[in-house]
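Trainee: Structure file run-v8.tsv, TSV, N, CA and C atoms, is pasted below:
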chain	number	residue	atom	x	y	z
A	1	MET	N	17.52	12.56	2.01
A	1	MET	CA	17.13	11.52	1.08
A	1	MET	C	15.62	11.38	1.12
A	2	LYS	N	15.04	11.16	-0.04
A	2	LYS	CA	13.58	11.01	-0.14
A	2	LYS	C	13.25	9.75	-0.90
A	3	LEU	N	12.35	8.94	-0.35
A	3	LEU	CA	11.86	7.78	-1.07
A	3	LEU	C	11.13	8.28	-2.30
A	4	ASN	N	11.50	7.78	-3.48
A	4	ASN	CA	10.88	8.32	-4.69
A	4	ASN	C	10.03	7.34	-5.47
A	5	HIS	N	10.17	6.03	-5.21
A	5	HIS	CA	9.26	5.10	-5.89
A	5	HIS	C	9.16	3.77	-5.16
A	6	ILE	N	8.03	3.11	-5.40
A	6	ILE	CA	7.77	1.78	-4.87
A	6	ILE	C	7.28	0.95	-6.04
A	7	ASN	N	7.80	-0.27	-6.16
A	7	ASN	CA	7.39	-1.18	-7.22
A	7	ASN	C	6.83	-2.43	-6.57
A	8	LEU	N	5.55	-2.71	-6.79
A	8	LEU	CA	4.90	-3.87	-6.19
A	8	LEU	C	4.48	-4.87	-7.26
A	9	TYR	N	4.73	-6.13	-6.99
A	9	TYR	CA	4.20	-7.19	-7.85
A	9	TYR	C	2.70	-7.28	-7.60
A	10	SER	N	1.92	-7.36	-8.66
A	10	SER	CA	0.46	-7.38	-8.55
A	10	SER	C	-0.12	-8.49	-9.41
A	11	HIS	N	-1.13	-9.17	-8.86
A	11	HIS	CA	-1.85	-10.19	-9.64
A	11	HIS	C	-2.85	-9.55	-10.59
A	12	ASP	N	-3.21	-8.27	-10.36
A	12	ASP	CA	-4.22	-7.59	-11.18
A	12	ASP	C	-3.88	-6.10	-11.25
A	13	THR	N	-3.03	-5.74	-12.19
A	13	THR	CA	-2.54	-4.37	-12.26
A	13	THR	C	-3.65	-3.36	-12.56
A	14	GLU	N	-4.60	-3.72	-13.40
A	14	GLU	CA	-5.67	-2.78	-13.75
A	14	GLU	C	-6.58	-2.50	-12.56
A	15	ALA	N	-6.96	-3.52	-11.83
A	15	ALA	CA	-7.80	-3.31	-10.64
A	15	ALA	C	-7.06	-2.47	-9.60
A	16	ASP	N	-5.78	-2.73	-9.42
A	16	ASP	CA	-5.00	-1.97	-8.44
A	16	ASP	C	-4.85	-0.52	-8.88
A	17	ARG	N	-4.59	-0.30	-10.16
A	17	ARG	CA	-4.46	1.07	-10.67
A	17	ARG	C	-5.74	1.85	-10.39
A	18	ALA	N	-6.88	1.27	-10.71
A	18	ALA	CA	-8.16	1.94	-10.49
A	18	ALA	C	-8.40	2.23	-9.01
A	19	MET	N	-8.05	1.27	-8.13
A	19	MET	CA	-8.22	1.46	-6.70
A	19	MET	C	-7.37	2.61	-6.18
A	20	PHE	N	-6.09	2.65	-6.59
A	20	PHE	CA	-5.21	3.72	-6.13
A	20	PHE	C	-5.70	5.08	-6.61
A	21	GLU	N	-6.24	5.16	-7.80
A	21	GLU	CA	-6.80	6.42	-8.27
A	21	GLU	C	-8.05	6.80	-7.48
A	22	GLN	N	-8.98	5.88	-7.34
A	22	GLN	CA	-10.26	6.18	-6.73
A	22	GLN	C	-10.17	6.50	-5.25
A	23	TYR	N	-9.40	5.73	-4.51
A	23	TYR	CA	-9.40	5.86	-3.05
A	23	TYR	C	-8.22	6.64	-2.49
A	24	PHE	N	-7.11	6.72	-3.21
A	24	PHE	CA	-5.91	7.32	-2.65
A	24	PHE	C	-5.38	8.50	-3.45
A	25	GLY	N	-6.10	8.90	-4.51
A	25	GLY	CA	-5.75	10.13	-5.22
A	25	GLY	C	-4.52	10.07	-6.11
A	26	LEU	N	-4.00	8.87	-6.40
A	26	LEU	CA	-2.87	8.80	-7.31
A	26	LEU	C	-3.37	9.03	-8.74
A	27	ARG	N	-2.50	9.54	-9.58
A	27	ARG	CA	-2.87	9.70	-10.99
A	27	ARG	C	-1.97	8.80	-11.83
A	28	THR	N	-2.55	8.24	-12.86
A	28	THR	CA	-1.83	7.30	-13.71
A	28	THR	C	-0.96	8.06	-14.71
A	29	LEU	N	0.30	7.66	-14.79
A	29	LEU	CA	1.22	8.25	-15.75
A	29	LEU	C	1.37	7.37	-16.98
A	30	VAL	N	1.49	6.04	-16.77
A	30	VAL	CA	1.75	5.11	-17.86
A	30	VAL	C	1.01	3.81	-17.58
A	31	VAL	N	0.42	3.22	-18.61
A	31	VAL	CA	-0.14	1.87	-18.51
A	31	VAL	C	0.46	1.08	-19.66
A	32	ARG	N	0.99	-0.07	-19.35
A	32	ARG	CA	1.57	-0.96	-20.37
A	32	ARG	C	0.77	-2.25	-20.37
A	33	GLY	N	-0.38	-2.20	-21.04
A	33	GLY	CA	-1.24	-3.37	-21.11
A	33	GLY	C	-1.66	-3.82	-19.73
A	34	MET	N	-1.67	-5.13	-19.53
A	34	MET	CA	-2.03	-5.70	-18.24
A	34	MET	C	-0.79	-6.00	-17.40
A	35	LYS	N	0.38	-5.57	-17.88
A	35	LYS	CA	1.64	-5.90	-17.21
A	35	LYS	C	2.13	-4.83	-16.25
A	36	MET	N	1.77	-3.55	-16.45
A	36	MET	CA	2.33	-2.51	-15.59
A	36	MET	C	1.47	-1.26	-15.61
A	37	ALA	N	1.40	-0.61	-14.45
A	37	ALA	CA	0.82	0.72	-14.34
A	37	ALA	C	1.77	1.55	-13.48
A	38	ILE	N	2.05	2.76	-13.92
A	38	ILE	CA	2.92	3.68	-13.19
A	38	ILE	C	2.06	4.87	-12.79
A	39	MET	N	2.03	5.13	-11.48
A	39	MET	CA	1.20	6.21	-10.93
A	39	MET	C	2.07	7.13	-10.08
A	40	GLN	N	1.50	8.31	-9.76
A	40	GLN	CA	2.23	9.27	-8.94
A	40	GLN	C	1.26	9.97	-8.00
A	41	ASP	N	1.77	10.30	-6.79
A	41	ASP	CA	0.95	11.06	-5.85
A	41	ASP	C	1.31	12.55	-5.95
A	42	ASN	N	0.66	13.37	-5.16
A	42	ASN	CA	0.88	14.83	-5.23
A	42	ASN	C	2.22	15.27	-4.68
A	43	ASP	N	2.93	14.38	-3.97
A	43	ASP	CA	4.25	14.71	-3.45
A	43	ASP	C	5.37	14.20	-4.34
A	44	GLY	N	5.01	13.59	-5.47
A	44	GLY	CA	6.03	13.11	-6.41
A	44	GLY	C	6.41	11.66	-6.25
A	45	LEU	N	5.85	10.95	-5.26
A	45	LEU	CA	6.15	9.53	-5.11
A	45	LEU	C	5.56	8.77	-6.28
A	46	VAL	N	6.34	7.90	-6.87
A	46	VAL	CA	5.89	7.07	-7.99
A	46	VAL	C	5.62	5.67	-7.45
A	47	LEU	N	4.44	5.15	-7.76
A	47	LEU	CA	4.05	3.79	-7.39
A	47	LEU	C	3.86	3.00	-8.67
A	48	ILE	N	4.55	1.88	-8.76
A	48	ILE	CA	4.47	1.01	-9.92
A	48	ILE	C	3.87	-0.32	-9.47
A	49	VAL	N	2.85	-0.80	-10.17
A	49	VAL	CA	2.36	-2.15	-9.94
A	49	VAL	C	2.64	-2.92	-11.23
A	50	ASN	N	3.23	-4.10	-11.07
A	50	ASN	CA	3.62	-4.87	-12.25
A	50	ASN	C	3.25	-6.33	-12.08
A	51	HIS	N	3.10	-6.99	-13.21
A	51	HIS	CA	2.82	-8.42	-13.25
A	51	HIS	C	3.81	-9.06	-14.23
A	52	PHE	N	5.08	-9.00	-13.86
A	52	PHE	CA	6.14	-9.55	-14.70
A	52	PHE	C	6.61	-10.87	-14.13
A	53	ASP	N	5.84	-11.93	-14.35
A	53	ASP	CA	6.25	-13.25	-13.84
A	53	ASP	C	7.63	-13.64	-14.34
A	54	ASN	N	7.94	-13.31	-15.58
A	54	ASN	CA	9.23	-13.70	-16.14
A	54	ASN	C	10.39	-13.01	-15.42
A	55	LYS	N	10.16	-11.86	-14.79
A	55	LYS	CA	11.22	-11.17	-14.07
A	55	LYS	C	11.59	-11.86	-12.77
A	56	LEU	N	10.74	-12.76	-12.30
A	56	LEU	CA	11.01	-13.46	-11.04
A	56	LEU	C	12.05	-14.56	-11.22
A	57	GLU	N	12.27	-14.99	-12.43
A	57	GLU	CA	13.26	-16.05	-12.67
A	57	GLU	C	14.64	-15.55	-12.27
A	58	GLY	N	15.35	-16.36	-11.50
A	58	GLY	CA	16.69	-16.00	-11.07
A	58	GLY	C	16.74	-15.15	-9.82
A	59	PHE	N	15.58	-14.72	-9.31
A	59	PHE	CA	15.52	-13.92	-8.10
A	59	PHE	C	15.06	-14.80	-6.95
A	60	ASP	N	15.62	-14.59	-5.78
A	60	ASP	CA	15.16	-15.29	-4.59
A	60	ASP	C	14.11	-14.41	-3.92
A	61	TYR	N	12.99	-14.20	-4.60
A	61	TYR	CA	11.93	-13.32	-4.14
A	61	TYR	C	10.85	-14.16	-3.50
A	62	PRO	N	10.27	-13.70	-2.39
A	62	PRO	CA	9.28	-14.54	-1.71
A	62	PRO	C	8.08	-14.84	-2.60
A	63	ARG	N	7.69	-16.08	-2.67
A	63	ARG	CA	6.54	-16.48	-3.47
A	63	ARG	C	5.23	-16.21	-2.74
A	64	GLN	N	5.33	-15.95	-1.45
A	64	GLN	CA	4.13	-15.64	-0.67
A	64	GLN	C	4.01	-14.12	-0.60
A	65	PHE	N	3.35	-13.53	-1.58
A	65	PHE	CA	3.28	-12.08	-1.69
A	65	PHE	C	2.38	-11.46	-0.64
A	66	ASP	N	1.62	-12.27	0.08
A	66	ASP	CA	0.70	-11.73	1.07
A	66	ASP	C	1.40	-10.97	2.18
A	67	ILE	N	2.70	-11.15	2.34
A	67	ILE	CA	3.41	-10.45	3.39
A	67	ILE	C	3.65	-8.99	3.02
A	68	LEU	N	3.51	-8.65	1.76
A	68	LEU	CA	3.78	-7.29	1.33
A	68	LEU	C	2.63	-6.37	1.69
A	69	HIS	N	2.94	-5.15	2.15
A	69	HIS	CA	1.90	-4.15	2.33
A	69	HIS	C	2.50	-2.76	2.22
A	70	ILE	N	1.63	-1.82	1.87
A	70	ILE	CA	1.99	-0.42	1.86
A	70	ILE	C	0.96	0.30	2.73
A	71	GLY	N	1.31	1.47	3.22
A	71	GLY	CA	0.41	2.18	4.12
A	71	GLY	C	0.14	3.60	3.67
A	72	PHE	N	-1.06	4.06	3.99
A	72	PHE	CA	-1.47	5.42	3.72
A	72	PHE	C	-1.88	6.06	5.04
A	73	ILE	N	-1.16	7.09	5.45
A	73	ILE	CA	-1.44	7.78	6.70
A	73	ILE	C	-2.52	8.81	6.47
A	74	GLN	N	-3.53	8.78	7.33
A	74	GLN	CA	-4.64	9.73	7.28
A	74	GLN	C	-4.48	10.73	8.43
A	75	LYS	N	-5.08	11.91	8.28
A	75	LYS	CA	-4.93	12.97	9.28
A	75	LYS	C	-5.66	12.68	10.59
A	76	SER	N	-6.74	11.92	10.51
A	76	SER	CA	-7.55	11.72	11.72
A	76	SER	C	-8.22	10.35	11.71
A	77	ARG	N	-8.72	10.00	12.87
A	77	ARG	CA	-9.49	8.76	13.00
A	77	ARG	C	-10.74	8.83	12.11
A	78	GLU	N	-11.35	10.00	12.02
A	78	GLU	CA	-12.52	10.18	11.18
A	78	GLU	C	-12.20	9.96	9.70
A	79	ASP	N	-11.02	10.36	9.28
A	79	ASP	CA	-10.59	10.12	7.89
A	79	ASP	C	-10.41	8.63	7.62
A	80	VAL	N	-9.85	7.91	8.60
A	80	VAL	CA	-9.69	6.46	8.47
A	80	VAL	C	-11.08	5.81	8.36
A	81	ASP	N	-11.98	6.22	9.24
A	81	ASP	CA	-13.33	5.66	9.22
A	81	ASP	C	-14.05	5.96	7.91
A	82	ALA	N	-13.89	7.16	7.38
A	82	ALA	CA	-14.56	7.53	6.13
A	82	ALA	C	-14.05	6.68	4.97
A	83	LEU	N	-12.75	6.43	4.92
A	83	LEU	CA	-12.21	5.59	3.85
A	83	LEU	C	-12.66	4.15	4.02
A	84	TYR	N	-12.73	3.68	5.25
A	84	TYR	CA	-13.26	2.35	5.53
A	84	TYR	C	-14.69	2.23	5.01
A	85	GLU	N	-15.52	3.21	5.33
A	85	GLU	CA	-16.92	3.18	4.90
A	85	GLU	C	-17.03	3.19	3.37
A	86	SER	N	-16.22	3.99	2.73
A	86	SER	CA	-16.24	4.07	1.26
A	86	SER	C	-15.85	2.75	0.61
A	87	LEU	N	-14.76	2.15	1.09
A	87	LEU	CA	-14.32	0.87	0.56
A	87	LEU	C	-15.36	-0.22	0.82
A	88	SER	N	-15.89	-0.25	2.03
A	88	SER	CA	-16.90	-1.25	2.39
A	88	SER	C	-18.14	-1.11	1.52
A	89	ALA	N	-18.60	0.11	1.33
A	89	ALA	CA	-19.80	0.36	0.53
A	89	ALA	C	-19.61	-0.08	-0.92
A	90	ASP	N	-18.38	-0.04	-1.38
A	90	ASP	CA	-18.08	-0.44	-2.76
A	90	ASP	C	-17.77	-1.93	-2.89
A	91	GLY	N	-17.94	-2.69	-1.80
A	91	GLY	CA	-17.82	-4.14	-1.88
A	91	GLY	C	-16.46	-4.72	-1.55
A	92	TRP	N	-15.52	-3.91	-1.10
A	92	TRP	CA	-14.21	-4.43	-0.70
A	92	TRP	C	-14.33	-5.17	0.62
A	93	GLU	N	-13.59	-6.25	0.77
A	93	GLU	CA	-13.50	-6.94	2.06
A	93	GLU	C	-12.47	-6.20	2.89
A	94	VAL	N	-12.96	-5.49	3.89
A	94	VAL	CA	-12.11	-4.61	4.67
A	94	VAL	C	-12.26	-4.96	6.15
A	95	GLN	N	-11.14	-5.09	6.83
A	95	GLN	CA	-11.18	-5.26	8.28
A	95	GLN	C	-11.78	-4.03	8.91
A	96	ALA	N	-12.50	-4.17	9.99
A	96	ALA	CA	-13.00	-3.01	10.73
A	96	ALA	C	-11.81	-2.26	11.34
A	97	PRO	N	-11.84	-0.94	11.34
A	97	PRO	CA	-10.75	-0.18	11.97
A	97	PRO	C	-10.62	-0.54	13.44
A	98	ARG	N	-9.37	-0.48	13.92
A	98	ARG	CA	-9.10	-0.80	15.31
A	98	ARG	C	-7.83	-0.10	15.76
A	99	ASN	N	-7.63	-0.07	17.07
A	99	ASN	CA	-6.39	0.48	17.61
A	99	ASN	C	-5.27	-0.52	17.40
A	100	ALA	N	-4.19	-0.08	16.82
A	100	ALA	CA	-3.01	-0.93	16.60
A	100	ALA	C	-1.76	-0.08	16.73
A	101	HIS	N	-0.91	-0.45	17.63
A	101	HIS	CA	0.36	0.26	17.83
A	101	HIS	C	0.15	1.73	18.13
A	102	GLY	N	-0.94	2.06	18.81
A	102	GLY	CA	-1.21	3.45	19.16
A	102	GLY	C	-1.87	4.25	18.06
A	103	ALA	N	-2.21	3.61	16.95
A	103	ALA	CA	-2.85	4.29	15.83
A	103	ALA	C	-4.20	3.64	15.55
A	104	TRP	N	-5.05	4.33	14.82
A	104	TRP	CA	-6.35	3.82	14.38
A	104	TRP	C	-6.18	3.36	12.95
A	105	SER	N	-6.40	2.06	12.69
A	105	SER	CA	-6.05	1.56	11.37
A	105	SER	C	-6.89	0.36	10.95
A	106	PHE	N	-6.82	0.06	9.65
A	106	PHE	CA	-7.38	-1.16	9.09
A	106	PHE	C	-6.55	-1.60	7.90
A	107	TYR	N	-6.72	-2.87	7.53
A	107	TYR	CA	-6.04	-3.45	6.38
A	107	TYR	C	-7.08	-4.02	5.42
A	108	PHE	N	-6.71	-4.07	4.15
A	108	PHE	CA	-7.49	-4.83	3.19
A	108	PHE	C	-6.55	-5.32	2.10
A	109	ARG	N	-6.99	-6.35	1.40
A	109	ARG	CA	-6.15	-6.94	0.36
A	109	ARG	C	-6.51	-6.32	-0.99
A	110	ALA	N	-5.49	-5.82	-1.67
A	110	ALA	CA	-5.67	-5.31	-3.04
A	110	ALA	C	-5.89	-6.49	-3.97
A	111	LYS	N	-6.46	-6.22	-5.12
A	111	LYS	CA	-6.68	-7.29	-6.11
A	111	LYS	C	-5.35	-7.92	-6.53
A	112	GLY	N	-4.27	-7.17	-6.40
A	112	GLY	CA	-2.95	-7.66	-6.76
A	112	GLY	C	-2.35	-8.64	-5.78
A	113	GLY	N	-2.98	-8.83	-4.61
A	113	GLY	CA	-2.53	-9.85	-3.68
A	113	GLY	C	-1.83	-9.33	-2.44
A	114	TYR	N	-1.36	-8.10	-2.44
A	114	TYR	CA	-0.69	-7.54	-1.27
A	114	TYR	C	-1.73	-6.80	-0.41
A	115	PHE	N	-1.31	-6.36	0.77
A	115	PHE	CA	-2.21	-5.66	1.67
A	115	PHE	C	-1.96	-4.16	1.65
A	116	ILE	N	-3.01	-3.42	1.97
A	116	ILE	CA	-2.92	-1.97	2.12
A	116	ILE	C	-3.38	-1.64	3.53
A	117	GLU	N	-2.57	-0.84	4.21
A	117	GLU	CA	-2.91	-0.36	5.55
A	117	GLU	C	-3.36	1.09	5.44
A	118	VAL	N	-4.44	1.42	6.09
A	118	VAL	CA	-4.91	2.80	6.21
A	118	VAL	C	-4.87	3.11	7.69
A	119	THR	N	-4.16	4.17	8.08
A	119	THR	CA	-3.88	4.39	9.50
A	119	THR	C	-3.67	5.86	9.82
A	120	THR	N	-3.87	6.19	11.08
A	120	THR	CA	-3.42	7.49	11.57
A	120	THR	C	-1.93	7.34	11.89
A	121	LEU	N	-1.28	8.44	12.09
A	121	LEU	CA	0.15	8.41	12.41
A	121	LEU	C	0.38	7.64	13.70
A	122	THR	N	1.33	6.72	13.67
A	122	THR	CA	1.66	5.95	14.87
A	122	THR	C	2.59	6.78	15.74
A	123	PRO	N	2.18	7.05	16.97
A	123	PRO	CA	3.06	7.84	17.83
A	123	PRO	C	4.31	7.04	18.20
A	124	VAL	N	5.41	7.75	18.29
A	124	VAL	CA	6.67	7.12	18.69
A	124	VAL	C	7.02	7.65	20.08
A	125	ARG	N	7.11	6.72	21.03
A	125	ARG	CA	7.48	7.11	22.38
A	125	ARG	C	8.98	7.47	22.40
A	126	PRO	N	9.38	8.39	23.27
A	126	PRO	CA	10.79	8.80	23.29
A	126	PRO	C	11.77	7.62	23.39
A	127	GLU	N	11.40	6.60	24.19
A	127	GLU	CA	12.32	5.46	24.35
A	127	GLU	C	12.41	4.60	23.10
A	128	GLU	N	11.48	4.78	22.16
A	128	GLU	CA	11.50	4.02	20.91
A	128	GLU	C	12.28	4.72	19.79
A	129	ALA	N	12.53	5.99	19.97
A	129	ALA	CA	13.17	6.77	18.91
A	129	ALA	C	14.57	6.24	18.62
A	130	TYR	N	14.88	6.04	17.36
A	130	TYR	CA	16.18	5.54	16.95
A	130	TYR	C	17.27	6.54	17.28
A	131	GLN	N	18.29	6.10	17.95
A	131	GLN	CA	19.38	6.98	18.37
A	131	GLN	C	20.69	6.65	17.67
A	132	GLY	N	20.62	5.94	16.59
A	132	GLY	CA	21.83	5.51	15.92
A	132	GLY	C	22.30	4.17	16.47
A	133	ASN	N	23.40	3.70	16.00
A	133	ASN	CA	23.93	2.42	16.40
A	133	ASN	C	24.60	2.54	17.75
A	134	GLN	N	23.87	2.29	18.83
A	134	GLN	CA	24.43	2.39	20.18
A	134	GLN	C	24.71	1.01	20.72
A	135	GLN	N	25.97	0.65	20.77
A	135	GLN	CA	26.32	-0.68	21.25
A	135	GLN	C	27.03	-0.61	22.57
Would you mind writing the structure in this file as structure tokens?
Mentor:
Amino acid sequence: MKLNHINLYSHDTEADRAMFEQYFGLRTLVVRGMKMAIMQDNDGLVLIVNHFDNKLEGFDYPRQFDILHIGFIQKSREDVDALYESLSADGWEVQAPRNAHGAWSFYFRAKGGYFIEVTTLTPVRPEEAYQGNQQ
């Protein structure tokens, strides 16, 4: 099974679309005004950012969108630092990279209101590896 798409609620779909293109290499497939942008990465993952307030009616969806985040794994600590420097130089409010969970990472808030994590691969210790439902 392969994850094939992510749909995020965004307060600013155009700003988020531009950020994902500029910093993360996604390409835009579809833009529907200020309500939706559909993008894709080189592995076929589709990322959708939408601002459909009317779609929230009838859903028990958290109103505090700040808890949402997506992550981009970088090959090295130097790659994380380079992306941090690029975002910082362009005026983004970005946390300084730090060690977290055995990885080198930082977070920043997208214009859409959710967070983006940029990180190296988090190592999994053998005792942490999922072994199925062992009761």
Trainee: Is there a way to get, as a ChimeraX atom specification, all residues within 5 Å of the point (6.2, -5.1, -11.9) in file coordinates, counting all atoms listed in the file?
Mentor: /A:8-9,49-52
Trainee: Could the residues in this selection be saved with N, CA and C atoms as a JSON list (two decimals), in the coordinates of the input?
Mentor:
[["chain", "number", "residue", "atom", "x", "y", "z"],
["A", 8, "LEU", "N", 5.55, -2.71, -6.79],
["A", 8, "LEU", "CA", 4.90, -3.87, -6.19],
["A", 8, "LEU", "C", 4.48, -4.87, -7.26],
["A", 9, "TYR", "N", 4.73, -6.13, -6.99],
["A", 9, "TYR", "CA", 4.20, -7.19, -7.85],
["A", 9, "TYR", "C", 2.70, -7.28, -7.60],
["A", 49, "VAL", "N", 2.85, -0.80, -10.17],
["A", 49, "VAL", "CA", 2.36, -2.15, -9.94],
["A", 49, "VAL", "C", 2.64, -2.92, -11.23],
["A", 50, "ASN", "N", 3.23, -4.10, -11.07],
["A", 50, "ASN", "CA", 3.62, -4.87, -12.25],
["A", 50, "ASN", "C", 3.25, -6.33, -12.08],
["A", 51, "HIS", "N", 3.10, -6.99, -13.21],
["A", 51, "HIS", "CA", 2.82, -8.42, -13.25],
["A", 51, "HIS", "C", 3.81, -9.06, -14.23],
["A", 52, "PHE", "N", 5.08, -9.00, -13.86],
["A", 52, "PHE", "CA", 6.14, -9.55, -14.70],
["A", 52, "PHE", "C", 6.61, -10.87, -14.13]]
Trainee: Tell me, in Å to one decimal, how far atom C of A:Ala15 is from atom C of A:Ile38.
Mentor: 12.1 Å
Trainee: Between atom CA of A:Met39 and atom CA of A:Gly25, what is the spacing in Å?
Mentor: 9.8 Å
Trainee: Compile the contact shell of A:Ile73 as a ChimeraX atom specification: residues with an atom at most 8 Å away, counting all atoms listed in the file, same-chain residues fewer than 3 positions apart removed.
Mentor: /A:70,76,79-80,117-122
Trainee: Given the choices A:Arg109, A:His101, A:His11, A:His5, which gets closest to A:Met34 if the distance is worked out from only N, CA and C atoms?
Mentor: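 The closest residue to A:Met34 is A:His11.
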Trainee: How far is it from atom CA of A:Gly71 to atom CA of A:Phe106, in Å with one decimal?
Mentor: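 We find that atom CA of A:Gly71 and atom CA of A:Phe106 lie 9.8 Å from each other.
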Trainee: Counting only N, CA and C atoms, which residues have an atom no more than 8 Å from (1.8, 9.1, -16.0) in the file's coordinates? Please list them as a PyMOL selection string.
Mentor: chain A and resi 27-31+37-40
Trainee: I'd like the box whose edges run along x, y and z of the file and which contains every listed atom of stretch 7-24 of chain A, padded by 6 Å per side; could you state its centre and edge lengths in Å, one decimal, as JSON?
Mentor:
{"center_x": -1.2, "center_y": -0.8, "center_z": -8.1, "size_x": 30.1, "size_y": 30.7, "size_z": 23.3}
Trainee: If DSSP is run on the backbone, what residues of stretch 25-110 of chain A are strand (DSSP E)? A reply as a ChimeraX atom specification would be ideal.
Mentor: /A:27-32,36-40,46-50,69-74,98-100,103-109
Trainee: As a short mmCIF file (atom, residue, chain, number, x, y, z; two decimals), keeping the file's coordinate frame, please: stretch 98-104 of chain A completed to all heavy atoms.
Mentor:
data_model
loop_
_atom_site.label_atom_id
_atom_site.label_comp_id
_atom_site.auth_asym_id
_atom_site.auth_seq_id
_atom_site.Cartn_x
_atom_site.Cartn_y
_atom_site.Cartn_z
N ARG A 98 -9.37 -0.48 13.92
CA ARG A 98 -9.10 -0.80 15.31
C ARG A 98 -7.83 -0.10 15.76
O ARG A 98 -7.05 0.38 14.93
CB ARG A 98 -8.95 -2.30 15.50
CG ARG A 98 -7.77 -2.89 14.73
CD ARG A 98 -7.68 -4.41 14.91
NE ARG A 98 -6.61 -4.97 14.13
CZ ARG A 98 -5.34 -5.07 14.52
NH1 ARG A 98 -4.97 -4.62 15.69
NH2 ARG A 98 -4.44 -5.62 13.73
N ASN A 99 -7.63 -0.07 17.07
CA ASN A 99 -6.39 0.48 17.61
C ASN A 99 -5.27 -0.52 17.40
O ASN A 99 -5.41 -1.69 17.75
CB ASN A 99 -6.54 0.78 19.10
CG ASN A 99 -7.30 2.05 19.35
OD1 ASN A 99 -6.99 3.08 18.76
ND2 ASN A 99 -8.30 1.98 20.20
N ALA A 100 -4.19 -0.08 16.82
CA ALA A 100 -3.01 -0.93 16.60
C ALA A 100 -1.76 -0.08 16.73
O ALA A 100 -1.62 0.93 16.03
CB ALA A 100 -3.07 -1.58 15.22
N HIS A 101 -0.91 -0.45 17.63
CA HIS A 101 0.36 0.26 17.83
C HIS A 101 0.15 1.73 18.13
O HIS A 101 0.93 2.58 17.72
CB HIS A 101 1.27 0.11 16.61
CG HIS A 101 1.41 -1.29 16.12
ND1 HIS A 101 2.04 -2.28 16.85
CD2 HIS A 101 0.97 -1.88 14.99
CE1 HIS A 101 1.98 -3.41 16.17
NE2 HIS A 101 1.34 -3.20 15.04
N GLY A 102 -0.94 2.06 18.81
CA GLY A 102 -1.21 3.45 19.16
C GLY A 102 -1.87 4.25 18.06
O GLY A 102 -2.05 5.46 18.18
N ALA A 103 -2.21 3.61 16.95
CA ALA A 103 -2.85 4.29 15.83
C ALA A 103 -4.20 3.64 15.55
O ALA A 103 -4.47 2.52 15.98
CB ALA A 103 -1.96 4.20 14.59
N TRP A 104 -5.05 4.33 14.82
CA TRP A 104 -6.35 3.82 14.38
C TRP A 104 -6.18 3.36 12.95
O TRP A 104 -5.81 4.16 12.08
CB TRP A 104 -7.40 4.92 14.50
CG TRP A 104 -8.80 4.48 14.25
CD1 TRP A 104 -9.59 4.87 13.22
CD2 TRP A 104 -9.58 3.59 15.04
NE1 TRP A 104 -10.82 4.28 13.32
CE2 TRP A 104 -10.84 3.48 14.43
CE3 TRP A 104 -9.34 2.86 16.21
CZ2 TRP A 104 -11.86 2.68 14.95
CZ3 TRP A 104 -10.35 2.07 16.72
CH2 TRP A 104 -11.59 1.98 16.10
#
